[in-house]
Protein chains: 2
Amino acid sequence: MTASPDEDTQFLTDFQNLLAARRNEVSFLDRDVSAEKIEDMLADANMAPSVGLSQPWRFVEVRSQERRKAVYQNFLHARQIEIETIEADKRAHYAKLGLTGLDSAPVHVAFFLDNSEQRGHGLGVSQNPLALNYSVALAAYTFWLTTYAHGLASGWVSILEPEAVTQALDVPSDWELVAYMCVGYSATALDGPDLEKRKWSRRQTLDPYFLKK
Amino acid sequence: MTASPDEDTQFLTDFQNLLAARRNEVSFLDRDVSAEKIEDMLADANMAPSVGLSQPWRFVEVRSQERRKAVYQNFLHARQIEIETIEADKRAHYAKLGLTGLDSAPVHVAFFLDNSEQRGHGLGVSQNPLALNYSVALAAYTFWLTTYAHGLASGWVSILEPEAVTQALDVPSDWELVAYMCVGYSATALDGPDLEKRKWSRRQTLDPYFLKK
């Protein structure tokens, strides 16, 4: 941004292009991501807002092939469970979706909430305890966005059993999994939601979601 | 972004500057924000990721002075409750924090979760029901970031009773409040967290939050 952000229309356009290009990436090139790059991107994630400036997040970079495989296996298991919860006439469609790049991504990053973090001194949490979870989700989304700003791509995998991931990564059992992301160089065109391409759902414009009071 | 985001270091720098400048704004100029601008920024928020491409969010632009006042009154009430939960030796400090720009902001925007939204068909929700909440939080954060890209500022207010806000805005009682934001033109320098300035907490660098597995 320039000193006068009011006039920085180029940044706004670039930022809006980023929002449009970002997708839940499910297909990665066989190309490594350096440890330095992961650390740079997590430093950006660490700039996310957190309630009371508590930084209740814990980031885990997962490179061990064994652990990544265990997480992918849990995805396959969780998908089998989830498909039973999907309306019958959507199940064949569901089974054909890619849904994850866990298998092709060279690196995974897990975002946990450590509820024992005291640095925010409870500010903002009494009425809204989920504000701590949201802080971690915002860090994960900051990571997601910055992977694109760094020329990479990433995806957030929700079809996982949180306890299985905590076990596979051997982290404290009271850490709460908020987001699990796969990251790497995209093997596909960066042209918006994969689920839209595959006709699972279609992104609607603002109108139906917007009220004035 | 250019066609080759790998090389677009200017955008990355600008994006990182945005992350560093963003703050929980608590002080706004007496300057209106046009309805068109709010709609543009909410259109950006609507580009946020959502689980299963469900867009479970509902955005409420609050301009009615009466409703904004009711929400601000609830903040004062909620703060009185919260201060009792803060460690005794931090209460005097807590009482001196600004904490909110609800009173000076010309516009408020509430971000609700409508749990009845069916458009994602349950994808990604079976193991992680909070993924719906997180989708709304990500939309609110997208709004937060884009207010800065538009030359404005905003703040997320967690010290509110969700049911009181739902009532004050007269929205369906089963909508779940995820974020409540005040927005306007900043009356202060955009130089990072207000809570850091006021020595409530200090942003730590990445190291203590980062593990490798």
# chains A, B, ... in the order shown; residues from 1 in each chain; ligands from 1
>>> select_by_dssp(residues="chain A", states="strand (DSSP E)", output="VMD selection string")
chain A and resid 57 to 62 107 to 114 153 to 156 175 to 184 210 to 212
>>> interface_residues(of="chain B", to="chain A", cutoff="6 Å", atoms="only C-alpha atoms", output="list in words")
Met1, Pro5, Asp6, Leu12, Asp14, Ala43, Arg58, Phe59, Val60, Glu61, Val62, Glu82, Gly124, Ser126, Gln127, Ala149, Gly151, Ser158, Ile159, Glu161, Leu206, Tyr209, Phe210, Leu211, Lys212 and Lys213 of chain B
>>> write_last_selection(atoms="N, CA and C atoms", output="PDB file, in the first residue's frame")
ATOM      1  N   MET B   1      -2.564  -9.190  -8.918  1.00  0.00           N
ATOM      2  CA  MET B   1      -1.510 -10.148  -9.268  1.00  0.00           C
ATOM      3  C   MET B   1      -1.308 -10.181 -10.778  1.00  0.00           C
ATOM      4  N   PRO B   5       2.321 -15.005 -10.646  1.00  0.00           N
ATOM      5  CA  PRO B   5       2.347 -14.507  -9.274  1.00  0.00           C
ATOM      6  C   PRO B   5       3.683 -14.754  -8.576  1.00  0.00           C
ATOM      7  N   ASP B   6       4.432 -15.750  -9.077  1.00  0.00           N
ATOM      8  CA  ASP B   6       5.751 -16.023  -8.511  1.00  0.00           C
ATOM      9  C   ASP B   6       6.614 -14.769  -8.473  1.00  0.00           C
ATOM     10  N   LEU B  12       3.030  -9.033  -2.948  1.00  0.00           N
ATOM     11  CA  LEU B  12       3.328  -9.690  -1.673  1.00  0.00           C
ATOM     12  C   LEU B  12       3.714  -8.656  -0.610  1.00  0.00           C
ATOM     13  N   ASP B  14       2.905  -5.488  -0.532  1.00  0.00           N
ATOM     14  CA  ASP B  14       1.715  -4.711  -0.196  1.00  0.00           C
ATOM     15  C   ASP B  14       0.785  -5.512   0.727  1.00  0.00           C
ATOM     16  N   ALA B  43     -19.271  -7.413  -1.011  1.00  0.00           N
ATOM     17  CA  ALA B  43     -19.103  -8.294  -2.175  1.00  0.00           C
ATOM     18  C   ALA B  43     -17.746  -8.998  -2.093  1.00  0.00           C
ATOM     19  N   ARG B  58     -24.794 -14.506   6.655  1.00  0.00           N
ATOM     20  CA  ARG B  58     -25.800 -13.464   6.428  1.00  0.00           C
ATOM     21  C   ARG B  58     -25.182 -12.166   6.930  1.00  0.00           C
ATOM     22  N   PHE B  59     -25.139 -11.158   6.079  1.00  0.00           N
ATOM     23  CA  PHE B  59     -24.509  -9.880   6.417  1.00  0.00           C
ATOM     24  C   PHE B  59     -25.599  -8.857   6.705  1.00  0.00           C
ATOM     25  N   VAL B  60     -25.469  -8.144   7.800  1.00  0.00           N
ATOM     26  CA  VAL B  60     -26.452  -7.114   8.133  1.00  0.00           C
ATOM     27  C   VAL B  60     -25.742  -5.768   8.316  1.00  0.00           C
ATOM     28  N   GLU B  61     -26.048  -4.846   7.415  1.00  0.00           N
ATOM     29  CA  GLU B  61     -25.511  -3.487   7.508  1.00  0.00           C
ATOM     30  C   GLU B  61     -26.422  -2.707   8.451  1.00  0.00           C
ATOM     31  N   VAL B  62     -25.836  -2.171   9.520  1.00  0.00           N
ATOM     32  CA  VAL B  62     -26.644  -1.507  10.541  1.00  0.00           C
ATOM     33  C   VAL B  62     -26.371  -0.007  10.504  1.00  0.00           C
ATOM     34  N   GLU B  82     -17.715  -8.750  31.850  1.00  0.00           N
ATOM     35  CA  GLU B  82     -16.416  -9.365  31.547  1.00  0.00           C
ATOM     36  C   GLU B  82     -15.339  -8.955  32.543  1.00  0.00           C
ATOM     37  N   GLY B 124     -18.076 -31.652   4.311  1.00  0.00           N
ATOM     38  CA  GLY B 124     -17.039 -31.117   5.193  1.00  0.00           C
ATOM     39  C   GLY B 124     -17.515 -30.778   6.592  1.00  0.00           C
ATOM     40  N   SER B 126     -19.510 -33.028   8.685  1.00  0.00           N
ATOM     41  CA  SER B 126     -19.827 -34.150   9.583  1.00  0.00           C
ATOM     42  C   SER B 126     -18.826 -34.288  10.724  1.00  0.00           C
ATOM     43  N   GLN B 127     -17.539 -34.104  10.453  1.00  0.00           N
ATOM     44  CA  GLN B 127     -16.537 -34.259  11.506  1.00  0.00           C
ATOM     45  C   GLN B 127     -16.239 -32.927  12.189  1.00  0.00           C
ATOM     46  N   ALA B 149      -8.003  -2.150   2.334  1.00  0.00           N
ATOM     47  CA  ALA B 149      -7.664  -2.018   0.914  1.00  0.00           C
ATOM     48  C   ALA B 149      -8.493  -0.915   0.258  1.00  0.00           C
ATOM     49  N   GLY B 151      -9.176   1.854   1.874  1.00  0.00           N
ATOM     50  CA  GLY B 151      -8.806   3.112   2.519  1.00  0.00           C
ATOM     51  C   GLY B 151      -9.600   3.411   3.776  1.00  0.00           C
ATOM     52  N   SER B 158     -15.869  -8.360  20.187  1.00  0.00           N
ATOM     53  CA  SER B 158     -16.238  -9.657  20.786  1.00  0.00           C
ATOM     54  C   SER B 158     -16.958  -9.487  22.115  1.00  0.00           C
ATOM     55  N   ILE B 159     -16.928  -8.272  22.655  1.00  0.00           N
ATOM     56  CA  ILE B 159     -17.524  -8.059  23.971  1.00  0.00           C
ATOM     57  C   ILE B 159     -18.975  -7.622  23.790  1.00  0.00           C
ATOM     58  N   GLU B 161     -23.181  -9.548  23.980  1.00  0.00           N
ATOM     59  CA  GLU B 161     -23.999 -10.741  24.173  1.00  0.00           C
ATOM     60  C   GLU B 161     -24.701 -11.062  22.856  1.00  0.00           C
ATOM     61  N   LEU B 206       6.968 -15.480  15.373  1.00  0.00           N
ATOM     62  CA  LEU B 206       6.497 -16.836  15.079  1.00  0.00           C
ATOM     63  C   LEU B 206       7.025 -17.925  16.016  1.00  0.00           C
ATOM     64  N   TYR B 209       5.267 -20.430  18.447  1.00  0.00           N
ATOM     65  CA  TYR B 209       4.019 -21.051  17.977  1.00  0.00           C
ATOM     66  C   TYR B 209       4.225 -22.103  16.908  1.00  0.00           C
ATOM     67  N   PHE B 210       5.488 -22.438  16.639  1.00  0.00           N
ATOM     68  CA  PHE B 210       5.816 -23.168  15.427  1.00  0.00           C
ATOM     69  C   PHE B 210       6.565 -24.455  15.765  1.00  0.00           C
ATOM     70  N   LEU B 211       5.980 -25.564  15.357  1.00  0.00           N
ATOM     71  CA  LEU B 211       6.574 -26.886  15.531  1.00  0.00           C
ATOM     72  C   LEU B 211       6.780 -27.545  14.181  1.00  0.00           C
ATOM     73  N   LYS B 212       7.765 -28.428  14.098  1.00  0.00           N
ATOM     74  CA  LYS B 212       7.938 -29.236  12.888  1.00  0.00           C
ATOM     75  C   LYS B 212       7.798 -30.706  13.234  1.00  0.00           C
ATOM     76  N   LYS B 213       7.104 -31.437  12.393  1.00  0.00           N
ATOM     77  CA  LYS B 213       6.888 -32.858  12.649  1.00  0.00           C
ATOM     78  C   LYS B 213       7.187 -33.672  11.409  1.00  0.00           C
TER      79      LYS B 213
END
>>> atom_distance(atom1="atom CA of B:Ala105", atom2="atom CA of B:Thr188")
12.9 Å
>>> select_by_dssp(residues="stretch 161-213 of chain B", states="helix (DSSP H, G or I)", output="PDB file with N, CA and C atoms, in the first residue's frame")
ATOM      1  N   PRO B 162     -24.388 -12.212  22.270  1.00  0.00           N
ATOM      2  CA  PRO B 162     -24.921 -12.523  20.936  1.00  0.00           C
ATOM      3  C   PRO B 162     -26.452 -12.406  20.853  1.00  0.00           C
ATOM      4  N   GLU B 163     -27.164 -12.876  21.870  1.00  0.00           N
ATOM      5  CA  GLU B 163     -28.636 -12.853  21.805  1.00  0.00           C
ATOM      6  C   GLU B 163     -29.132 -11.404  21.819  1.00  0.00           C
ATOM      7  N   ALA B 164     -28.456 -10.550  22.576  1.00  0.00           N
ATOM      8  CA  ALA B 164     -28.871  -9.147  22.636  1.00  0.00           C
ATOM      9  C   ALA B 164     -28.716  -8.488  21.262  1.00  0.00           C
ATOM     10  N   VAL B 165     -27.668  -8.862  20.544  1.00  0.00           N
ATOM     11  CA  VAL B 165     -27.450  -8.289  19.216  1.00  0.00           C
ATOM     12  C   VAL B 165     -28.518  -8.794  18.246  1.00  0.00           C
ATOM     13  N   THR B 166     -28.792 -10.090  18.313  1.00  0.00           N
ATOM     14  CA  THR B 166     -29.825 -10.678  17.449  1.00  0.00           C
ATOM     15  C   THR B 166     -31.152  -9.950  17.659  1.00  0.00           C
ATOM     16  N   GLN B 167     -31.451  -9.663  18.929  1.00  0.00           N
ATOM     17  CA  GLN B 167     -32.686  -8.933  19.255  1.00  0.00           C
ATOM     18  C   GLN B 167     -32.640  -7.499  18.746  1.00  0.00           C
ATOM     19  N   ALA B 168     -31.544  -6.823  19.010  1.00  0.00           N
ATOM     20  CA  ALA B 168     -31.441  -5.405  18.633  1.00  0.00           C
ATOM     21  C   ALA B 168     -31.583  -5.229  17.125  1.00  0.00           C
ATOM     22  N   LEU B 169     -31.118  -6.229  16.369  1.00  0.00           N
ATOM     23  CA  LEU B 169     -31.168  -6.099  14.908  1.00  0.00           C
ATOM     24  C   LEU B 169     -32.445  -6.701  14.326  1.00  0.00           C
ATOM     25  N   ASP B 194      -3.948  -2.010  18.551  1.00  0.00           N
ATOM     26  CA  ASP B 194      -4.213  -1.037  19.610  1.00  0.00           C
ATOM     27  C   ASP B 194      -3.861  -1.624  20.978  1.00  0.00           C
ATOM     28  N   LEU B 195      -4.129  -2.918  21.165  1.00  0.00           N
ATOM     29  CA  LEU B 195      -3.858  -3.540  22.475  1.00  0.00           C
ATOM     30  C   LEU B 195      -2.363  -3.605  22.751  1.00  0.00           C
ATOM     31  N   GLU B 196      -1.552  -3.596  21.676  1.00  0.00           N
ATOM     32  CA  GLU B 196      -0.100  -3.590  21.869  1.00  0.00           C
ATOM     33  C   GLU B 196       0.339  -2.190  22.311  1.00  0.00           C
ATOM     34  N   LYS B 197      -0.216  -1.195  21.621  1.00  0.00           N
ATOM     35  CA  LYS B 197       0.064   0.190  21.995  1.00  0.00           C
ATOM     36  C   LYS B 197      -0.258   0.445  23.456  1.00  0.00           C
ATOM     37  N   ASP B 207       8.280 -17.824  16.408  1.00  0.00           N
ATOM     38  CA  ASP B 207       8.983 -18.938  17.059  1.00  0.00           C
ATOM     39  C   ASP B 207       8.193 -19.760  18.082  1.00  0.00           C
ATOM     40  N   PRO B 208       7.585 -19.121  19.084  1.00  0.00           N
ATOM     41  CA  PRO B 208       6.961 -19.946  20.121  1.00  0.00           C
ATOM     42  C   PRO B 208       5.739 -20.728  19.640  1.00  0.00           C
ATOM     43  N   TYR B 209       5.267 -20.430  18.447  1.00  0.00           N
ATOM     44  CA  TYR B 209       4.019 -21.051  17.977  1.00  0.00           C
ATOM     45  C   TYR B 209       4.225 -22.103  16.908  1.00  0.00           C
TER      46      TYR B 209
END
>>> atom_distance(atom1="atom CA of A:Glu25", atom2="atom CA of A:Ser154")
5.3 Å
>>> decode(residues="stretch 2-46 of chain B", atoms="C-alpha atoms", output="mmCIF file, in the first residue's frame")
data_model
loop_
_atom_site.group_PDB
_atom_site.id
_atom_site.type_symbol
_atom_site.label_atom_id
_atom_site.label_comp_id
_atom_site.auth_asym_id
_atom_site.auth_seq_id
_atom_site.Cartn_x
_atom_site.Cartn_y
_atom_site.Cartn_z
ATOM 1 C CA THR B 2 0.193 -10.577 -12.576
ATOM 2 C CA ALA B 3 -0.198 -13.717 -14.657
ATOM 3 C CA SER B 4 2.964 -14.944 -12.991
ATOM 4 C CA PRO B 5 2.347 -14.507 -9.274
ATOM 5 C CA ASP B 6 5.751 -16.023 -8.511
ATOM 6 C CA GLU B 7 7.320 -12.788 -9.648
ATOM 7 C CA ASP B 8 4.834 -10.339 -8.190
ATOM 8 C CA THR B 9 6.880 -9.294 -5.206
ATOM 9 C CA GLN B 10 5.155 -5.908 -5.141
ATOM 10 C CA PHE B 11 1.801 -7.492 -4.358
ATOM 11 C CA LEU B 12 3.328 -9.690 -1.673
ATOM 12 C CA THR B 13 4.966 -6.666 -0.044
ATOM 13 C CA ASP B 14 1.715 -4.711 -0.196
ATOM 14 C CA PHE B 15 -0.220 -7.647 1.244
ATOM 15 C CA GLN B 16 2.255 -8.030 4.110
ATOM 16 C CA ASN B 17 2.010 -4.287 4.766
ATOM 17 C CA LEU B 18 -1.757 -4.682 4.968
ATOM 18 C CA LEU B 19 -1.388 -7.479 7.532
ATOM 19 C CA ALA B 20 0.919 -5.278 9.594
ATOM 20 C CA ALA B 21 -1.253 -2.141 9.353
ATOM 21 C CA ARG B 22 -4.562 -3.852 10.111
ATOM 22 C CA ARG B 23 -5.787 -3.254 13.624
ATOM 23 C CA ASN B 24 -8.897 -3.516 15.709
ATOM 24 C CA GLU B 25 -9.886 0.092 15.066
ATOM 25 C CA VAL B 26 -11.484 1.788 18.058
ATOM 26 C CA SER B 27 -11.676 5.370 16.861
ATOM 27 C CA PHE B 28 -13.378 6.677 13.737
ATOM 28 C CA LEU B 29 -13.704 10.053 12.036
ATOM 29 C CA ASP B 30 -17.112 11.718 11.831
ATOM 30 C CA ARG B 31 -17.319 10.897 8.132
ATOM 31 C CA ASP B 32 -19.961 8.783 6.470
ATOM 32 C CA VAL B 33 -19.327 5.676 4.404
ATOM 33 C CA SER B 34 -21.474 5.390 1.306
ATOM 34 C CA ALA B 35 -23.908 2.512 0.924
ATOM 35 C CA GLU B 36 -22.164 1.671 -2.332
ATOM 36 C CA LYS B 37 -18.801 1.296 -0.608
ATOM 37 C CA ILE B 38 -20.274 -0.974 2.061
ATOM 38 C CA GLU B 39 -21.824 -3.102 -0.660
ATOM 39 C CA ASP B 40 -18.526 -3.291 -2.577
ATOM 40 C CA MET B 41 -16.712 -4.416 0.559
ATOM 41 C CA LEU B 42 -19.381 -6.992 1.382
ATOM 42 C CA ALA B 43 -19.103 -8.294 -2.175
ATOM 43 C CA ASP B 44 -15.433 -8.951 -1.349
ATOM 44 C CA ALA B 45 -16.438 -10.660 1.899
ATOM 45 C CA ASN B 46 -18.777 -12.841 -0.130
#
